[in-house]
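What follows is a single structure, written as structure tokens, with notes after it.
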Amino acid sequence: MDINALLLNGCFALYCLSVTLYLAHACLRWSKLQQLAMGTVVLAFSCQTLSLGLRWFAAGYLPVTNLFSTVFFFSWALGATYLYFEWRYRLASAGLFVMLLNILLLYIALPRDPTPPALIPMLDTPLFTLHIACSFLGYALFAMAFSLAVLYLIQRKTAALPLPTRNRLQQLNEEAIFLGFCFFTLSMLFGSYWAYVAWGYYFSWDIKALWSALIWLYFAGMCHAKFIRSWQGSGYAWLSILGFALVLFTYLGIGLLMKSNHPLA
Amino acid sequence: MFRQLWKLCCSAKATIVLTSITTLIAVLGSTQAMHNPRLFNTMDSKPLLEWWQLYIQQISYSTVWIPLCSALIGLLWFNTLCCCIDWLCHLRTRWKKSGEYLIHLGFILVVIAYAWGSIYGMRSSNNSIAAGEIIAIPEQAGYFLRLNSFQPQMAPSGRPIDMLSNVTLLKGDHELKTATIRFNHPLTYGDLIILPGSYSQQVVGFSCLLNQQQVELKPGSTIQLSAGASLRVVDFTPDIQSRRGSAGNGALRNPAFLLELKEASHENKSLWYVVRRGAPKQLVAAGFTPQRLAPLYTTYSQLTINRDPGAPLAAAGAIAMTLGILLSLRSFYAKRSRTSGNNKLS
Ligand code: HEM
């Protein structure tokens, strides 16, 4: 087995182990288990980062040009997002959902061919790397907001998980949405500039580009919802869930159901 | 009364409602694109207003969402403008929010830029030009483009992967800018942008053997015949039928030359030489008996030439937004660290 396959399978196994440990912590409430789970996530993320780095070095460009590599990068961004929130706020079992989502993404990615195709000149620009990296960091933060929103909605109904207070979940959700919006704005700006130098116009009516603009608009609206009392709480949580549904459909649904001319549709 | 109206114009609730409704309508409307791809796929080929006017006959309920969303974005633009004005009026107490308001300013500028480009812009694709040729820039009187050289780049499989066109932009006889354009490297001059689109090979004439000599028959060439007569190639068409009315696409079907025969004792005579039928009797009598004809190809670079007067303003909006993002991230975390001394949850 070569080093890449080892790292890929290793990080998947480690993420699975971390979920098991988080679940055990939720049932047994031993603080050692939580630390162990966190350590496993760090180890898994390190393997994933090393694998990404090696593949980047070997290909000579950030490998995000096929379904395997975009899903893998999405999962890496989700891991980074989770570690950021965990490091800042000690999320504890709130991380369970994000890790489950991460495992699901890796489960989709792993059976696919990881060999990156030769880079066509159209994609051979730093704007491409910046556009994709910011876009997936934005997606990962919206996924984080989705997880926090689900936890917010179930918080009162479950005593099984040691969850943060609703106020705290709402606050973290707002942070995830705001950060996600910032990255997504940068992604849109890099993408628009790229479209301008590649096609001669900075806004395309292609379905994927249009839906990305709509996601941006939607989350711009959401950035203001926190200033309005009646839109806080459950309303905000549902908006986050709907927003992530839009993100998922733009990322996966459009490629599967509709015809798009976007370079990575 | 005025105060209430102003409050409504600056209302963040209105922002949420407008963004949500616009998203909803555009999401539902754009799924119509699936049912009418032929119409929607043409949307990028023209500036929005021109596209709308061009396809107005085909416009049905499936496109109603476009003007509807445009109107909603217009309202959102007004809402954002009012918010910015309100912020400026209270700048002394709210200057710490400069980052957020730079994002708002960026949005205001980008919307104006897009509207401007959609009304006054120009998009033209498939401008065929061969090396050494000069073409006029569409809708830009006095401006011309010269192709100095063209080189397609091939993948090992033989598939073209890039096209390098060395072009010079001219204003009258004056050279404005020369650049080699390829994917992601256009030539820009003011609001004009010139990019590689594709390329094609077209037959421009034939080479043949005439009196044991290799000659080229293409527009502009002159051939010396026996007994002091000469033959000038006036024109060439790859398909005589399309020249006579039916539409052609440049494919070699029934090629023909328009020739001018000059003989010392006679008046100049114009004659059609349809290759498949052979040379007319008068030309044969003058010594024109071509053999072993082979087509002569010239490569044409097909360039996209667009003009968007809103592009510099959109760039200014993008810069304002980027700066705004960086500043508002800073103020967001400054506020967080002020309001929550202890970040840890447990
Ligand atoms: C599509 C256009 C808009 C975009 C992209 C946008 C974006 C943003 C962003 C990113 C923030 C920062 C949110 C945060 O701190 O979490 C913000 C804050 C804000 N926006 Fe907007 N916004 C838009 C339109 C508007 C409009 C129309 C209004 C007018 C009501 C408005 C009023 C505000 C206010 C009052 C704040 C809060 C500033 C503060 O923290 O004091 N925005 N906006």
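Within each chain, counting starts at residue 1; across the structure tokens, chains are named A, B, ... in the order shown, with ligands numbered 1 upward in that order.
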Which residues form the shell of 6 Å around ligand 1 when you count only C-alpha atoms and all ligand atoms, given as JSON, numbers by chain?
{"A": [178, 217, 220, 223, 224], "B": [10, 11, 12, 15, 76, 79, 80, 83, 100, 103, 104, 107]}
Take the residues that were just selected and, keeping all heavy atoms, output them as a short mmCIF file (atom, residue, chain, number, x, y, z; two decimals), in the first residue's frame.
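selection23.cif, freshly written:
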data_model
loop_
_atom_site.label_atom_id
_atom_site.label_comp_id
_atom_site.auth_asym_id
_atom_site.auth_seq_id
_atom_site.Cartn_x
_atom_site.Cartn_y
_atom_site.Cartn_z
N PHE A 178 -21.03 34.24 9.78
CA PHE A 178 -20.27 35.44 9.41
C PHE A 178 -18.93 35.06 8.74
O PHE A 178 -18.59 35.58 7.68
CB PHE A 178 -20.04 36.31 10.65
CG PHE A 178 -19.18 37.51 10.37
CD1 PHE A 178 -19.58 38.48 9.46
CD2 PHE A 178 -17.95 37.67 10.99
CE1 PHE A 178 -18.79 39.59 9.18
CE2 PHE A 178 -17.14 38.77 10.71
CZ PHE A 178 -17.56 39.72 9.81
N LEU A 217 -26.08 35.96 -1.61
CA LEU A 217 -27.14 36.91 -1.25
C LEU A 217 -27.90 36.42 -0.01
O LEU A 217 -28.19 37.19 0.90
CB LEU A 217 -28.10 37.04 -2.44
CG LEU A 217 -28.99 38.26 -2.47
CD1 LEU A 217 -28.15 39.52 -2.54
CD2 LEU A 217 -29.91 38.20 -3.67
N ALA A 220 -25.82 36.87 2.99
CA ALA A 220 -25.71 38.30 3.30
C ALA A 220 -26.93 38.70 4.12
O ALA A 220 -26.82 39.41 5.13
CB ALA A 220 -25.63 39.13 2.03
N CYS A 223 -26.65 37.46 7.67
CA CYS A 223 -25.73 38.22 8.53
C CYS A 223 -26.49 39.29 9.30
O CYS A 223 -26.03 39.77 10.33
CB CYS A 223 -24.64 38.90 7.68
SG CYS A 223 -23.34 37.78 7.24
N HIS A 224 -27.67 39.70 8.80
CA HIS A 224 -28.43 40.75 9.46
C HIS A 224 -29.48 40.20 10.41
O HIS A 224 -30.01 40.93 11.24
CB HIS A 224 -29.12 41.64 8.42
CG HIS A 224 -28.14 42.28 7.50
ND1 HIS A 224 -27.62 41.63 6.39
CD2 HIS A 224 -27.51 43.48 7.55
CE1 HIS A 224 -26.77 42.41 5.79
NE2 HIS A 224 -26.66 43.53 6.46
N CYS B 10 -34.06 52.26 5.69
CA CYS B 10 -32.81 51.79 6.32
C CYS B 10 -33.04 50.51 7.13
O CYS B 10 -32.16 50.10 7.89
CB CYS B 10 -32.25 52.84 7.27
SG CYS B 10 -31.90 54.38 6.48
N SER B 11 -34.20 49.88 6.93
CA SER B 11 -34.54 48.75 7.81
C SER B 11 -33.77 47.48 7.45
O SER B 11 -33.71 47.07 6.28
CB SER B 11 -36.05 48.51 7.71
OG SER B 11 -36.33 47.16 7.84
N ALA B 12 -33.18 46.85 8.47
CA ALA B 12 -32.46 45.59 8.25
C ALA B 12 -33.46 44.46 7.99
O ALA B 12 -33.12 43.47 7.33
CB ALA B 12 -31.58 45.27 9.44
N THR B 15 -33.96 44.28 4.48
CA THR B 15 -32.82 43.60 3.83
C THR B 15 -33.03 42.09 3.83
O THR B 15 -32.87 41.43 2.79
CB THR B 15 -31.50 43.90 4.61
OG1 THR B 15 -31.46 45.28 4.92
CG2 THR B 15 -30.29 43.48 3.83
N LEU B 76 -33.03 46.35 -3.12
CA LEU B 76 -31.99 46.03 -2.13
C LEU B 76 -30.84 47.04 -2.23
O LEU B 76 -30.27 47.47 -1.22
CB LEU B 76 -31.47 44.61 -2.38
CG LEU B 76 -30.46 44.08 -1.38
CD1 LEU B 76 -31.07 43.95 0.00
CD2 LEU B 76 -29.93 42.71 -1.80
N ASN B 79 -32.01 50.12 -0.54
CA ASN B 79 -31.98 49.83 0.90
C ASN B 79 -30.54 49.96 1.44
O ASN B 79 -30.30 50.62 2.46
CB ASN B 79 -32.53 48.41 1.07
CG ASN B 79 -32.69 47.97 2.51
OD1 ASN B 79 -32.66 46.78 2.79
ND2 ASN B 79 -32.88 48.89 3.43
N THR B 80 -29.60 49.38 0.74
CA THR B 80 -28.19 49.42 1.17
C THR B 80 -27.65 50.84 1.10
O THR B 80 -26.93 51.29 2.00
CB THR B 80 -27.33 48.49 0.28
OG1 THR B 80 -28.02 47.27 0.10
CG2 THR B 80 -25.99 48.18 0.90
N CYS B 83 -28.88 52.77 4.02
CA CYS B 83 -28.16 52.36 5.22
C CYS B 83 -26.80 53.03 5.29
O CYS B 83 -26.37 53.47 6.36
CB CYS B 83 -27.93 50.86 5.19
SG CYS B 83 -29.21 50.00 5.97
N GLU B 100 -17.72 46.91 7.88
CA GLU B 100 -19.06 46.47 7.44
C GLU B 100 -19.57 47.39 6.32
O GLU B 100 -20.12 46.94 5.32
CB GLU B 100 -20.05 46.53 8.61
CG GLU B 100 -19.99 45.34 9.56
CD GLU B 100 -18.90 45.47 10.60
OE1 GLU B 100 -17.96 46.26 10.41
OE2 GLU B 100 -18.97 44.76 11.62
N ILE B 103 -18.15 46.87 2.95
CA ILE B 103 -18.80 45.75 2.24
C ILE B 103 -20.07 46.28 1.56
O ILE B 103 -20.34 45.98 0.39
CB ILE B 103 -19.18 44.61 3.21
CG1 ILE B 103 -17.93 44.07 3.92
CG2 ILE B 103 -19.89 43.48 2.48
CD1 ILE B 103 -18.20 42.97 4.93
N HIS B 104 -20.83 47.09 2.31
CA HIS B 104 -22.06 47.65 1.74
C HIS B 104 -21.75 48.52 0.52
O HIS B 104 -22.42 48.44 -0.51
CB HIS B 104 -22.81 48.46 2.79
CG HIS B 104 -23.30 47.63 3.93
ND1 HIS B 104 -22.66 47.53 5.13
CD2 HIS B 104 -24.38 46.82 4.04
CE1 HIS B 104 -23.32 46.71 5.94
NE2 HIS B 104 -24.37 46.26 5.30
N PHE B 107 -21.02 46.49 -2.50
CA PHE B 107 -22.24 45.98 -3.14
C PHE B 107 -22.90 47.08 -3.99
O PHE B 107 -23.31 46.82 -5.13
CB PHE B 107 -23.21 45.47 -2.05
CG PHE B 107 -24.53 45.02 -2.59
CD1 PHE B 107 -24.65 43.83 -3.29
CD2 PHE B 107 -25.68 45.78 -2.39
CE1 PHE B 107 -25.87 43.41 -3.79
CE2 PHE B 107 -26.91 45.37 -2.88
CZ PHE B 107 -27.00 44.18 -3.59
#
Residue list for chain A near chain B as a PyMOL selection string, 8 Å, only C-alpha atoms:
chain A and resi 88-92+120-122+125+164+168+179+182+186+189+194+197-201+204-207+211+214-215+217-218+220-222+224-225+227-228+258-259
Residues at most 12 Å from Ile85 (chain B), counting only C-alpha atoms, excluding those fewer than 6 positions away in the same chain, as a VMD selection string?
chain B and resid 6 to 7 9 to 10 78 to 79 91 101 104 to 105 108
Near-Gln155 (chain A) list (12 Å; only C-alpha atoms; drop same-chain fewer than 3 positions) as a PDB file with N, CA and C atoms, in the first residue's frame:
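Writing done, so here's result.pdb:
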ATOM      1  N   SER A  93     -19.262  17.601  22.821  1.00  0.00           N
ATOM      2  CA  SER A  93     -20.083  16.725  21.967  1.00  0.00           C
ATOM      3  C   SER A  93     -20.723  17.453  20.801  1.00  0.00           C
ATOM      4  N   ALA A  94     -20.658  18.798  20.844  1.00  0.00           N
ATOM      5  CA  ALA A  94     -21.212  19.548  19.719  1.00  0.00           C
ATOM      6  C   ALA A  94     -20.456  19.186  18.432  1.00  0.00           C
ATOM      7  N   SER A 147     -24.661  22.265  11.553  1.00  0.00           N
ATOM      8  CA  SER A 147     -24.555  21.351  12.700  1.00  0.00           C
ATOM      9  C   SER A 147     -24.962  22.056  13.982  1.00  0.00           C
ATOM     10  N   LEU A 148     -24.490  23.291  14.137  1.00  0.00           N
ATOM     11  CA  LEU A 148     -24.818  24.035  15.356  1.00  0.00           C
ATOM     12  C   LEU A 148     -26.315  24.336  15.418  1.00  0.00           C
ATOM     13  N   ALA A 149     -26.913  24.584  14.238  1.00  0.00           N
ATOM     14  CA  ALA A 149     -28.351  24.869  14.204  1.00  0.00           C
ATOM     15  C   ALA A 149     -29.151  23.629  14.605  1.00  0.00           C
ATOM     16  N   VAL A 150     -28.724  22.466  14.100  1.00  0.00           N
ATOM     17  CA  VAL A 150     -29.432  21.226  14.462  1.00  0.00           C
ATOM     18  C   VAL A 150     -29.310  21.011  15.975  1.00  0.00           C
ATOM     19  N   LEU A 151     -28.127  21.229  16.512  1.00  0.00           N
ATOM     20  CA  LEU A 151     -27.931  21.061  17.960  1.00  0.00           C
ATOM     21  C   LEU A 151     -28.801  22.042  18.733  1.00  0.00           C
ATOM     22  N   TYR A 152     -28.915  23.254  18.186  1.00  0.00           N
ATOM     23  CA  TYR A 152     -29.747  24.270  18.854  1.00  0.00           C
ATOM     24  C   TYR A 152     -31.185  23.768  18.951  1.00  0.00           C
ATOM     25  N   THR A 158     -32.969  16.871  24.297  1.00  0.00           N
ATOM     26  CA  THR A 158     -32.101  15.750  24.647  1.00  0.00           C
ATOM     27  C   THR A 158     -31.220  16.084  25.845  1.00  0.00           C
ATOM     28  N   ALA A 159     -31.190  15.160  26.756  1.00  0.00           N
ATOM     29  CA  ALA A 159     -30.301  15.328  27.907  1.00  0.00           C
ATOM     30  C   ALA A 159     -29.085  14.410  27.733  1.00  0.00           C
ATOM     31  N   ALA A 160     -29.142  13.571  26.669  1.00  0.00           N
ATOM     32  CA  ALA A 160     -28.094  12.566  26.477  1.00  0.00           C
ATOM     33  C   ALA A 160     -26.749  13.208  26.155  1.00  0.00           C
ATOM     34  N   LEU A 161     -26.767  14.325  25.407  1.00  0.00           N
ATOM     35  CA  LEU A 161     -25.495  14.930  24.999  1.00  0.00           C
ATOM     36  C   LEU A 161     -25.163  16.118  25.891  1.00  0.00           C
ATOM     37  N   PRO A 162     -23.920  16.227  26.341  1.00  0.00           N
ATOM     38  CA  PRO A 162     -23.524  17.388  27.139  1.00  0.00           C
ATOM     39  C   PRO A 162     -23.310  18.600  26.221  1.00  0.00           C
ATOM     40  N   LEU A 163     -24.405  19.288  25.898  1.00  0.00           N
ATOM     41  CA  LEU A 163     -24.329  20.366  24.900  1.00  0.00           C
ATOM     42  C   LEU A 163     -24.164  21.729  25.559  1.00  0.00           C
ATOM     43  N   PRO A 164     -23.577  22.692  24.828  1.00  0.00           N
ATOM     44  CA  PRO A 164     -23.511  24.064  25.334  1.00  0.00           C
ATOM     45  C   PRO A 164     -24.921  24.653  25.468  1.00  0.00           C
ATOM     46  N   THR A 165     -25.021  25.798  26.099  1.00  0.00           N
ATOM     47  CA  THR A 165     -26.349  26.424  26.247  1.00  0.00           C
ATOM     48  C   THR A 165     -26.841  26.882  24.879  1.00  0.00           C
ATOM     49  N   ARG A 166     -28.152  27.150  24.809  1.00  0.00           N
ATOM     50  CA  ARG A 166     -28.730  27.588  23.531  1.00  0.00           C
ATOM     51  C   ARG A 166     -28.137  28.931  23.102  1.00  0.00           C
ATOM     52  N   ASN A 167     -27.940  29.808  24.092  1.00  0.00           N
ATOM     53  CA  ASN A 167     -27.365  31.120  23.790  1.00  0.00           C
ATOM     54  C   ASN A 167     -26.003  30.978  23.134  1.00  0.00           C
ATOM     55  N   ARG A 168     -25.208  30.061  23.713  1.00  0.00           N
ATOM     56  CA  ARG A 168     -23.866  29.850  23.204  1.00  0.00           C
ATOM     57  C   ARG A 168     -23.911  29.259  21.788  1.00  0.00           C
ATOM     58  N   LEU A 169     -24.838  28.305  21.605  1.00  0.00           N
ATOM     59  CA  LEU A 169     -24.960  27.691  20.271  1.00  0.00           C
ATOM     60  C   LEU A 169     -25.345  28.746  19.234  1.00  0.00           C
ATOM     61  N   GLN A 170     -26.271  29.624  19.625  1.00  0.00           N
ATOM     62  CA  GLN A 170     -26.702  30.688  18.711  1.00  0.00           C
ATOM     63  C   GLN A 170     -25.505  31.591  18.358  1.00  0.00           C
ATOM     64  N   GLY A 233     -32.872  32.748  17.553  1.00  0.00           N
ATOM     65  CA  GLY A 233     -33.360  31.477  18.097  1.00  0.00           C
ATOM     66  C   GLY A 233     -33.665  30.478  17.016  1.00  0.00           C
ATOM     67  N   SER A 234     -34.869  29.854  17.125  1.00  0.00           N
ATOM     68  CA  SER A 234     -35.207  28.774  16.192  1.00  0.00           C
ATOM     69  C   SER A 234     -35.230  29.266  14.751  1.00  0.00           C
ATOM     70  N   ALA A 237     -31.883  29.251  13.386  1.00  0.00           N
ATOM     71  CA  ALA A 237     -31.423  27.864  13.195  1.00  0.00           C
ATOM     72  C   ALA A 237     -32.001  27.287  11.898  1.00  0.00           C
TER      73      ALA A 237
END
Contacts of Thr65 (chain A) at 9 Å or less, counting only C-alpha atoms, minus same-chain residues fewer than 2 places along, as number ranges by chain?
A: 62-63, 67-70, 116-117, 119, 123, 263-264
Could you pull out all residues of region 192-339 of chain B with a DSSP call of helix (DSSP H, G or I) and give them as a PyMOL selection string?
chain B and resi 226-228+240-243+275-277+281-285+311-339
